[in-house]
file structure16.pdb (PDB, C-alpha atoms)
ATOM      1  CA  MET K   1      40.914  -0.902   7.937
ATOM      2  CA  THR K   2      38.304  -2.649   5.867
ATOM      3  CA  PRO K   3      36.153  -0.547   3.549
ATOM      4  CA  THR K   4      32.419  -0.843   4.128
ATOM      5  CA  PRO K   5      30.600  -1.909   0.959
ATOM      6  CA  GLN K   6      28.128   0.679  -0.287
ATOM      7  CA  GLY K   7      24.913   0.053  -2.202
ATOM      8  CA  ALA K   8      24.686   1.080  -5.826
ATOM      9  CA  THR K   9      23.802   4.725  -6.295
ATOM     10  CA  ILE K  10      22.335   6.294  -9.369
ATOM     11  CA  GLY K  11      22.457   9.999  -8.378
ATOM     12  CA  PRO K  12      24.421  11.867 -11.067
ATOM     13  CA  LEU K  13      23.249   9.595 -13.877
ATOM     14  CA  VAL K  14      19.666  10.765 -13.464
ATOM     15  CA  ASP K  15      19.382  13.947 -15.451
ATOM     16  CA  ALA K  16      16.709  13.629 -18.139
ATOM     17  CA  PRO K  17      13.136  12.407 -18.544
ATOM     18  CA  GLY K  18      12.957   8.889 -19.878
ATOM     19  CA  MET K  19      15.971   7.559 -18.014
ATOM     20  CA  GLN K  20      15.215   4.158 -16.501
ATOM     21  CA  PHE K  21      16.883   1.746 -14.138
ATOM     22  CA  ASP K  22      15.954  -1.307 -12.144
ATOM     23  CA  CYS K  23      16.877  -2.569  -8.699
ATOM     24  CA  PRO K  24      16.703  -6.310  -8.099
ATOM     25  CA  VAL K  25      14.552  -7.716  -5.310
ATOM     26  CA  GLY K  26      16.210  -7.018  -1.956
ATOM     27  CA  MET K  27      18.443  -4.213  -3.281
ATOM     28  CA  PRO K  28      19.320  -1.609  -0.645
ATOM     29  CA  GLU K  29      17.748   1.845  -0.531
ATOM     30  CA  GLY K  30      20.918   3.355  -2.083
ATOM     31  CA  CYS K  31      19.770   2.113  -5.473
ATOM     32  CA  ARG K  32      17.683   5.192  -6.164
ATOM     33  CA  PRO K  33      18.760   8.838  -6.107
ATOM     34  CA  ASP K  34      17.926  11.068  -3.143
ATOM     35  CA  LEU K  35      14.400  12.421  -3.207
ATOM     36  CA  ALA K  36      13.195  15.763  -1.808
ATOM     37  CA  THR K  37       9.696  14.331  -1.418
ATOM     38  CA  THR K  38       8.365  10.806  -1.349
ATOM     39  CA  HIS K  39       4.778   9.758  -1.999
ATOM     40  CA  GLY K  40       3.851   6.116  -1.715
ATOM     41  CA  ASP K  41       5.828   3.259  -0.239
ATOM     42  CA  ASP K  42       8.663   0.928  -1.198
ATOM     43  CA  LEU K  43       6.460  -0.872  -3.723
ATOM     44  CA  PHE K  44       4.873   2.004  -5.651
ATOM     45  CA  GLY K  45       5.527   5.706  -5.502
ATOM     46  CA  TRP K  46       6.987   8.908  -6.849
ATOM     47  CA  GLY K  47       9.057  11.814  -5.609
ATOM     48  CA  GLU K  48      10.987  14.919  -6.626
ATOM     49  CA  ILE K  49      14.662  14.208  -7.323
ATOM     50  CA  VAL K  50      17.087  16.249  -5.203
ATOM     51  CA  GLY K  51      19.227  18.569  -7.311
ATOM     52  CA  TYR K  52      17.095  18.216 -10.438
ATOM     53  CA  PRO K  53      14.201  20.681 -10.239
ATOM     54  CA  GLY K  54      11.342  19.659 -12.454
ATOM     55  CA  LEU K  55      12.303  15.993 -12.518
ATOM     56  CA  MET K  56      10.371  13.303 -10.709
ATOM     57  CA  LEU K  57      11.149   9.676 -10.093
ATOM     58  CA  ALA K  58       8.319   7.145 -10.358
ATOM     59  CA  TRP K  59       8.649   3.499  -9.341
ATOM     60  CA  ILE K  60       6.749   0.247  -9.419
ATOM     61  CA  THR K  61       7.684  -3.128  -7.991
ATOM     62  CA  ASP K  62       6.970  -6.555  -9.386
ATOM     63  CA  GLU K  63       8.420 -10.015  -8.825
ATOM     64  CA  THR K  64      11.649  -9.084 -10.644
ATOM     65  CA  GLY K  65      12.426  -5.967  -8.601
ATOM     66  CA  THR K  66      11.736  -2.260  -8.473
ATOM     67  CA  HIS K  67      11.635  -0.321 -11.740
ATOM     68  CA  PHE K  68      12.383   3.411 -11.771
ATOM     69  CA  LEU K  69      11.567   6.021 -14.400
ATOM     70  CA  VAL K  70      12.584   9.680 -14.496
ATOM     71  CA  VAL K  71       9.731  11.891 -15.699
ATOM     72  CA  SER K  72       9.124  15.588 -16.072
ATOM     73  CA  ALA K  73       7.124  17.112 -13.218
ATOM     74  CA  ASP K  74       4.537  18.318 -15.742
ATOM     75  CA  ASP K  75       4.070  14.965 -17.490
ATOM     76  CA  PRO K  76       0.276  14.498 -17.726
ATOM     77  CA  GLN K  77       0.632  10.725 -17.294
ATOM     78  CA  LEU K  78       2.142  11.473 -13.884
ATOM     79  CA  THR K  79       0.102  14.466 -12.740
ATOM     80  CA  GLY K  80      -3.260  14.254 -14.456
ATOM     81  CA  VAL K  81      -4.874  12.889 -17.579
ATOM     82  CA  ALA K  82      -8.293  13.510 -19.048
ATOM     83  CA  GLY K  83     -10.693  11.179 -17.274
ATOM     84  CA  GLY K  84      -8.402  10.697 -14.277
ATOM     85  CA  ASP K  85      -6.204   7.724 -13.440
ATOM     86  CA  SER K  86      -2.886   9.562 -13.512
ATOM     87  CA  PHE K  87      -0.028   7.889 -11.675
ATOM     88  CA  MET K  88      -0.441  10.326  -8.765
ATOM     89  CA  GLU K  89      -4.211   9.792  -8.546
ATOM     90  CA  LEU K  90      -3.891   6.011  -8.634
ATOM     91  CA  MET K  91      -1.192   6.232  -5.961
ATOM     92  CA  GLU K  92      -3.423   8.247  -3.610
ATOM     93  CA  LEU K  93      -6.294   5.774  -4.095
ATOM     94  CA  ARG K  94      -3.974   2.831  -3.384
ATOM     95  CA  LEU K  95      -2.599   4.462  -0.248
ATOM     96  CA  ALA K  96      -6.138   5.136   1.004
ATOM     97  CA  GLU K  97      -7.090   1.476   0.481
ATOM     98  CA  VAL K  98      -3.924   0.233   2.203
ATOM     99  CA  ASP K  99      -4.516   2.644   5.100
ATOM    100  CA  GLY K 100      -8.150   1.509   5.413
ATOM    101  CA  THR K 101      -7.057  -2.126   5.471
ATOM    102  CA  ASN K 102      -4.462  -1.402   8.152
ATOM    103  CA  LYS K 103      -7.054   0.390  10.291
ATOM    104  CA  ARG K 104      -9.416  -2.583   9.957
ATOM    105  CA  VAL K 105      -6.942  -5.018  11.574
ATOM    106  CA  PRO K 106      -7.619  -3.854  15.174
ATOM    107  CA  GLU K 107     -11.361  -4.077  14.466
ATOM    108  CA  VAL K 108     -10.953  -7.721  13.443
ATOM    109  CA  VAL K 109      -9.058  -8.440  16.665
ATOM    110  CA  GLY K 110     -11.751  -6.619  18.644
ATOM    111  CA  SER K 111     -14.477  -8.590  16.878
ATOM    112  CA  ALA K 112     -12.936 -11.798  18.118
ATOM    113  CA  ALA K 113     -11.831 -10.598  21.562
ATOM    114  CA  GLY K 114     -15.083  -8.833  22.517
ATOM    115  CA  PRO K 115     -17.290 -11.930  22.561
ATOM    116  CA  VAL K 116     -14.606 -13.938  24.373
ATOM    117  CA  VAL K 117     -14.555 -11.347  27.171
ATOM    118  CA  ILE K 118     -18.365 -11.197  27.300
ATOM    119  CA  ILE K 119     -18.717 -14.974  27.380
ATOM    120  CA  GLY K 120     -16.026 -15.208  30.092
ATOM    121  CA  GLY K 121     -17.908 -12.677  32.201
ATOM    122  CA  LEU K 122     -21.180 -14.486  31.666
ATOM    123  CA  LEU K 123     -19.667 -17.760  32.797
ATOM    124  CA  LEU K 124     -19.062 -16.122  36.151
ATOM    125  CA  LEU K 125     -22.766 -15.218  36.364
ATOM    126  CA  CYS K 126     -24.113 -18.575  35.172
ATOM    127  CA  PRO K 127     -24.683 -20.067  38.627
ATOM    128  CA  GLU K 128     -26.806 -17.068  39.655
ATOM    129  CA  THR K 129     -29.080 -17.219  36.598
ATOM    130  CA  ALA K 130     -29.409 -21.007  36.377
ATOM    131  CA  GLY K 131     -27.555 -20.869  33.053
ATOM    132  CA  VAL K 132     -30.447 -19.632  30.877
ATOM    133  CA  THR K 133     -29.378 -15.988  30.659
ATOM    134  CA  CYS K 134     -25.787 -17.059  30.300
ATOM    135  CA  VAL K 135     -26.461 -19.332  27.329
ATOM    136  CA  ILE K 136     -28.669 -16.831  25.495
ATOM    137  CA  ALA K 137     -26.321 -13.886  26.041
ATOM    138  CA  GLY K 138     -23.288 -16.015  25.188
ATOM    139  CA  LEU K 139     -24.833 -17.161  21.919
ATOM    140  CA  THR K 140     -25.780 -13.580  21.074
ATOM    141  CA  ALA K 141     -22.242 -12.323  21.779
ATOM    142  CA  ALA K 142     -20.706 -15.165  19.782
ATOM    143  CA  ALA K 143     -23.049 -14.532  16.848
ATOM    144  CA  ALA K 144     -22.238 -10.807  16.879
ATOM    145  CA  GLY K 145     -18.511 -11.559  16.999
ATOM    146  CA  VAL K 146     -18.695 -14.081  14.171
ATOM    147  CA  GLY K 147     -20.832 -11.650  12.159
ATOM    148  CA  ASN K 148     -18.238  -8.908  12.594
ATOM    149  CA  ILE K 149     -15.401 -11.267  11.690
ATOM    150  CA  ILE K 150     -17.221 -12.315   8.515
ATOM    151  CA  ARG K 151     -18.053  -8.692   7.622
ATOM    152  CA  ASN K 152     -14.424  -7.639   8.130
ATOM    153  CA  ALA K 153     -13.156 -10.614   6.128
ATOM    154  CA  ILE K 154     -15.421  -9.590   3.238
ATOM    155  CA  LEU K 155     -14.318  -5.946   3.506
ATOM    156  CA  ASN K 156     -10.649  -7.003   3.579
ATOM    157  CA  ALA K 157     -11.098  -9.244   0.542
ATOM    158  CA  GLN K 158     -12.768  -6.389  -1.342
ATOM    159  CA  ALA K 159     -10.011  -3.972  -0.299
ATOM    160  CA  GLN K 160      -7.282  -6.419  -1.358
ATOM    161  CA  ALA K 161      -8.961  -6.841  -4.746
ATOM    162  CA  ARG K 162      -9.175  -3.047  -5.110
ATOM    163  CA  ILE K 163      -5.508  -2.654  -4.102
ATOM    164  CA  LYS K 164      -4.518  -5.266  -6.689
ATOM    165  CA  GLU K 165      -6.602  -3.436  -9.318
ATOM    166  CA  LEU K 166      -4.980  -0.103  -8.431
ATOM    167  CA  GLU K 167      -1.513  -1.654  -8.555
ATOM    168  CA  GLN K 168      -2.264  -3.011 -12.025
ATOM    169  CA  GLY K 169      -3.378   0.498 -13.000
ATOM    170  CA  LEU K 170      -0.147   1.953 -11.606
ATOM    171  CA  MET K 171       1.894  -0.558 -13.594
ATOM    172  CA  GLY K 172      -0.065   0.261 -16.730
ATOM    173  CA  ARG K 173       0.339   4.015 -16.244
ATOM    174  CA  PHE K 174       4.080   3.558 -15.533
ATOM    175  CA  HIS K 175       4.529   1.613 -18.770
ATOM    176  CA  GLN K 176       2.474   4.224 -20.628
ATOM    177  CA  MET K 177       4.836   6.923 -19.315
ATOM    178  CA  GLU K 178       7.787   4.843 -20.551
ATOM    179  CA  LEU K 179       6.281   4.635 -24.028
ATOM    180  CA  THR K 180       5.270   8.279 -24.149
ATOM    181  CA  ILE K 181       8.685   9.572 -23.107
ATOM    182  CA  VAL K 182      10.707   7.205 -25.284
ATOM    183  CA  ASN K 183       8.398   7.604 -28.284
ATOM    184  CA  PRO K 184       6.925  11.138 -28.040
TER     185      PRO K 184
END
call {"tool": "encode", "arguments": {"input": "structure16.pdb", "output": "structure tokens"}}
result
Amino acid sequence: MTPTPQGATIGPLVDAPGMQFDCPVGMPEGCRPDLATTHGDDLFGWGEIVGYPGLMLAWITDETGTHFLVVSADDPQLTGVAGGDSFMELMELRLAEVDGTNKRVPEVVGSAAGPVVIIGGLLLLCPETAGVTCVIAGLTAAAAGVGNIIRNAILNAQAQARIKELEQGLMGRFHQMELTIVNP
């Protein structure tokens, strides 16, 4: 028998607000304790720690790895601060932007595929219309497709900039929680 290697687990060591730990890039899921709830994704998020009522785990990811912080469930930096921009609020905004970007991908494909199908169909009709209708309709379809591709590219660039801005806000709020808990 050969023992199967297990990922690092933090579990029992997580028992008080302010506790921190990091997982290097590519570390397995076993690096963090079990969570009853998870909000966010592998890069940014928070969740309630199983077995520790009232304690939440928040995480951010940068080029060095994923950074975890245990916080109290009623920490205003996590749940709500005057003027907004709590960790939870920023997380919901980021998820909405990511979701909107993901939903836009099929529209981009459709913007390119639609004119190709229309132009292909028109090519079949060209001999019957002496080519005039075919050329005009083909140019119109191509222009509409290119217009949609450009519009979606602009929307995606704006969304990516907003996601980056929200991620910077999440990192800032995370570090603010670290400072507030360590230095109350």
call {"tool": "residues_around", "arguments": {"input": "structure16.pdb", "residues": "stretch 21-23 of chain K", "least_positions_apart": "6", "cutoff": "6 Å", "atoms": "all atoms listed in the file", "output": "count of residues only"}}
result
4
call {"tool": "resolve_selection", "arguments": {"input": "structure16.pdb", "expression": "the PyMOL selection byres ((chain K and resi 61) around 9)", "output": "PyMOL selection string"}}
result
chain K and resi 25+42-44+59-60+62-68+171
call {"tool": "resolve_selection", "arguments": {"input": "structure16.pdb", "expression": "the PyMOL selection byres ((chain K and resi 85-95) around 9)", "output": "ChimeraX atom specification"}}
result
/K:39-41,44-46,58,76-84,96-100,162-164,166-167,169-171,173-174
call {"tool": "atom_distance", "arguments": {"input": "structure16.pdb", "atom1": "atom CA of K:His175", "atom2": "atom CA of K:Ala16"}}
result
17.1 Å
call {"tool": "axis_aligned_box", "arguments": {"input": "structure16.pdb", "around": "stretch 86-91 of chain K", "padding_each_side": "3 Å", "output": "lines of an AutoDock Vina configuration file"}}
result
center_x = -2.1
center_y = 8.2
center_z = -9.7
size_x = 10.2
size_y = 10.3
size_z = 13.6
call {"tool": "resolve_selection", "arguments": {"input": "structure16.pdb", "expression": "the PyMOL selection byres ((chain K and resi 180) around 12)", "output": "ChimeraX atom specification"}}
result
/K:17-18,69,71-72,75-78,173-179,181-184
call {"tool": "atom_distance", "arguments": {"input": "structure16.pdb", "atom1": "atom CA of K:Asp15", "atom2": "atom CA of K:Tyr52"}}
result
7.0 Å
call {"tool": "closest_residue", "arguments": {"input": "structure16.pdb", "among": "K:Arg104, K:Asp74, K:Gly147, K:Leu35", "to": "K:Ile49", "atoms": "only C-alpha atoms"}}
result
K:Leu35
call {"tool": "decode", "arguments": {"input": "structure16.pdb", "residues": "stretch 38-81 of chain K", "atoms": "N, CA and C atoms", "output": "CSV table (one decimal), in the first residue's frame"}}
result
chain,number,residue,atom,x,y,z
K,38,THR,N,-20.4,29.5,0.2
K,38,THR,CA,-19.3,30.1,-0.6
K,38,THR,C,-19.9,31.2,-1.5
K,39,HIS,N,-19.4,32.4,-1.5
K,39,HIS,CA,-19.8,33.5,-2.4
K,39,HIS,C,-18.6,34.0,-3.1
K,40,GLY,N,-18.7,34.0,-4.4
K,40,GLY,CA,-17.5,34.4,-5.2
K,40,GLY,C,-17.0,33.2,-6.0
K,41,ASP,N,-15.7,33.3,-6.3
K,41,ASP,CA,-15.1,32.2,-7.1
K,41,ASP,C,-13.7,31.9,-6.5
K,42,ASP,N,-12.9,31.2,-7.2
K,42,ASP,CA,-11.6,30.8,-6.7
K,42,ASP,C,-10.7,32.0,-6.5
K,43,LEU,N,-10.9,33.1,-7.2
K,43,LEU,CA,-10.0,34.2,-7.1
K,43,LEU,C,-10.4,35.2,-6.0
K,44,PHE,N,-11.6,35.4,-5.8
K,44,PHE,CA,-12.1,36.4,-4.7
K,44,PHE,C,-13.4,35.8,-4.1
K,45,GLY,N,-13.5,35.9,-2.8
K,45,GLY,CA,-14.8,35.4,-2.3
K,45,GLY,C,-14.8,35.4,-0.8
K,46,TRP,N,-15.8,34.9,-0.2
K,46,TRP,CA,-16.0,34.8,1.2
K,46,TRP,C,-17.0,33.6,1.5
K,47,GLY,N,-17.0,33.1,2.7
K,47,GLY,CA,-17.9,32.1,3.1
K,47,GLY,C,-17.9,31.8,4.6
K,48,GLU,N,-18.9,31.2,5.1
K,48,GLU,CA,-19.0,30.9,6.5
K,48,GLU,C,-18.2,29.6,6.8
K,49,ILE,N,-17.4,29.6,7.8
K,49,ILE,CA,-16.5,28.5,8.1
K,49,ILE,C,-17.4,27.4,8.9
K,50,VAL,N,-17.3,26.2,8.4
K,50,VAL,CA,-18.0,25.1,9.0
K,50,VAL,C,-17.4,24.8,10.4
K,51,GLY,N,-18.3,24.7,11.4
K,51,GLY,CA,-17.9,24.4,12.8
K,51,GLY,C,-17.5,25.7,13.6
K,52,TYR,N,-17.6,26.8,13.0
K,52,TYR,CA,-17.2,28.1,13.7
K,52,TYR,C,-18.3,29.1,13.4
K,53,PRO,N,-19.4,29.0,14.1
K,53,PRO,CA,-20.5,30.0,13.9
K,53,PRO,C,-20.0,31.4,14.1
K,54,GLY,N,-20.4,32.3,13.3
K,54,GLY,CA,-20.0,33.7,13.4
K,54,GLY,C,-18.6,34.0,12.8
K,55,LEU,N,-17.9,33.0,12.3
K,55,LEU,CA,-16.7,33.3,11.6
K,55,LEU,C,-16.8,33.1,10.1
K,56,MET,N,-16.2,34.0,9.4
K,56,MET,CA,-16.2,34.0,7.9
K,56,MET,C,-14.8,34.0,7.5
K,57,LEU,N,-14.6,33.4,6.3
K,57,LEU,CA,-13.3,33.4,5.6
K,57,LEU,C,-13.4,34.2,4.4
K,58,ALA,N,-12.5,35.2,4.2
K,58,ALA,CA,-12.5,36.0,3.0
K,58,ALA,C,-11.2,35.7,2.3
K,59,TRP,N,-11.2,35.8,1.0
K,59,TRP,CA,-10.0,35.5,0.2
K,59,TRP,C,-9.8,36.4,-1.0
K,60,ILE,N,-8.6,36.6,-1.3
K,60,ILE,CA,-8.2,37.4,-2.5
K,60,ILE,C,-7.1,36.6,-3.2
K,61,THR,N,-6.9,36.8,-4.5
K,61,THR,CA,-5.8,36.1,-5.2
K,61,THR,C,-5.0,37.1,-6.0
K,62,ASP,N,-3.7,37.0,-5.9
K,62,ASP,CA,-2.9,37.8,-6.7
K,62,ASP,C,-1.8,36.9,-7.3
K,63,GLU,N,-0.8,37.5,-7.9
K,63,GLU,CA,0.2,36.7,-8.6
K,63,GLU,C,1.0,35.8,-7.7
K,64,THR,N,1.0,36.0,-6.3
K,64,THR,CA,1.7,35.2,-5.4
K,64,THR,C,0.9,34.0,-4.9
K,65,GLY,N,-0.4,34.1,-5.0
K,65,GLY,CA,-1.3,33.0,-4.5
K,65,GLY,C,-2.6,33.5,-4.0
K,66,THR,N,-3.2,32.7,-3.2
K,66,THR,CA,-4.5,33.1,-2.6
K,66,THR,C,-4.3,33.4,-1.1
K,67,HIS,N,-4.8,34.5,-0.7
K,67,HIS,CA,-4.6,35.0,0.7
K,67,HIS,C,-5.9,34.9,1.4
K,68,PHE,N,-5.9,34.3,2.6
K,68,PHE,CA,-7.2,34.0,3.4
K,68,PHE,C,-7.1,34.8,4.7
K,69,LEU,N,-8.3,35.3,5.1
K,69,LEU,CA,-8.4,36.0,6.4
K,69,LEU,C,-9.7,35.6,7.1
K,70,VAL,N,-9.6,35.2,8.3
K,70,VAL,CA,-10.7,34.9,9.1
K,70,VAL,C,-11.3,36.2,9.7
K,71,VAL,N,-12.5,36.5,9.5
K,71,VAL,CA,-13.2,37.7,10.1
K,71,VAL,C,-14.5,37.3,10.8
K,72,SER,N,-14.9,38.2,11.7
K,72,SER,CA,-16.2,38.0,12.4
K,72,SER,C,-17.3,38.3,11.4
K,73,ALA,N,-18.4,37.6,11.5
K,73,ALA,CA,-19.5,37.7,10.6
K,73,ALA,C,-20.1,39.1,10.6
K,74,ASP,N,-19.9,39.8,11.7
K,74,ASP,CA,-20.5,41.2,11.9
K,74,ASP,C,-19.4,42.3,11.6
K,75,ASP,N,-18.3,41.9,11.1
K,75,ASP,CA,-17.3,42.9,10.7
K,75,ASP,C,-17.8,43.9,9.7
K,76,PRO,N,-17.9,45.2,9.9
K,76,PRO,CA,-18.5,46.1,9.0
K,76,PRO,C,-17.7,46.2,7.7
K,77,GLN,N,-16.4,45.9,7.7
K,77,GLN,CA,-15.6,45.9,6.5
K,77,GLN,C,-16.0,44.8,5.6
K,78,LEU,N,-16.5,43.7,6.1
K,78,LEU,CA,-17.0,42.6,5.4
K,78,LEU,C,-18.5,42.8,4.9
K,79,THR,N,-19.3,43.2,5.9
K,79,THR,CA,-20.8,43.2,5.6
K,79,THR,C,-21.3,44.5,5.1
K,80,GLY,N,-20.8,45.6,5.6
K,80,GLY,CA,-21.3,46.9,5.1
K,80,GLY,C,-20.6,48.1,5.9
K,81,VAL,N,-20.2,49.0,5.1
K,81,VAL,CA,-19.6,50.2,5.7
K,81,VAL,C,-20.3,51.4,5.2
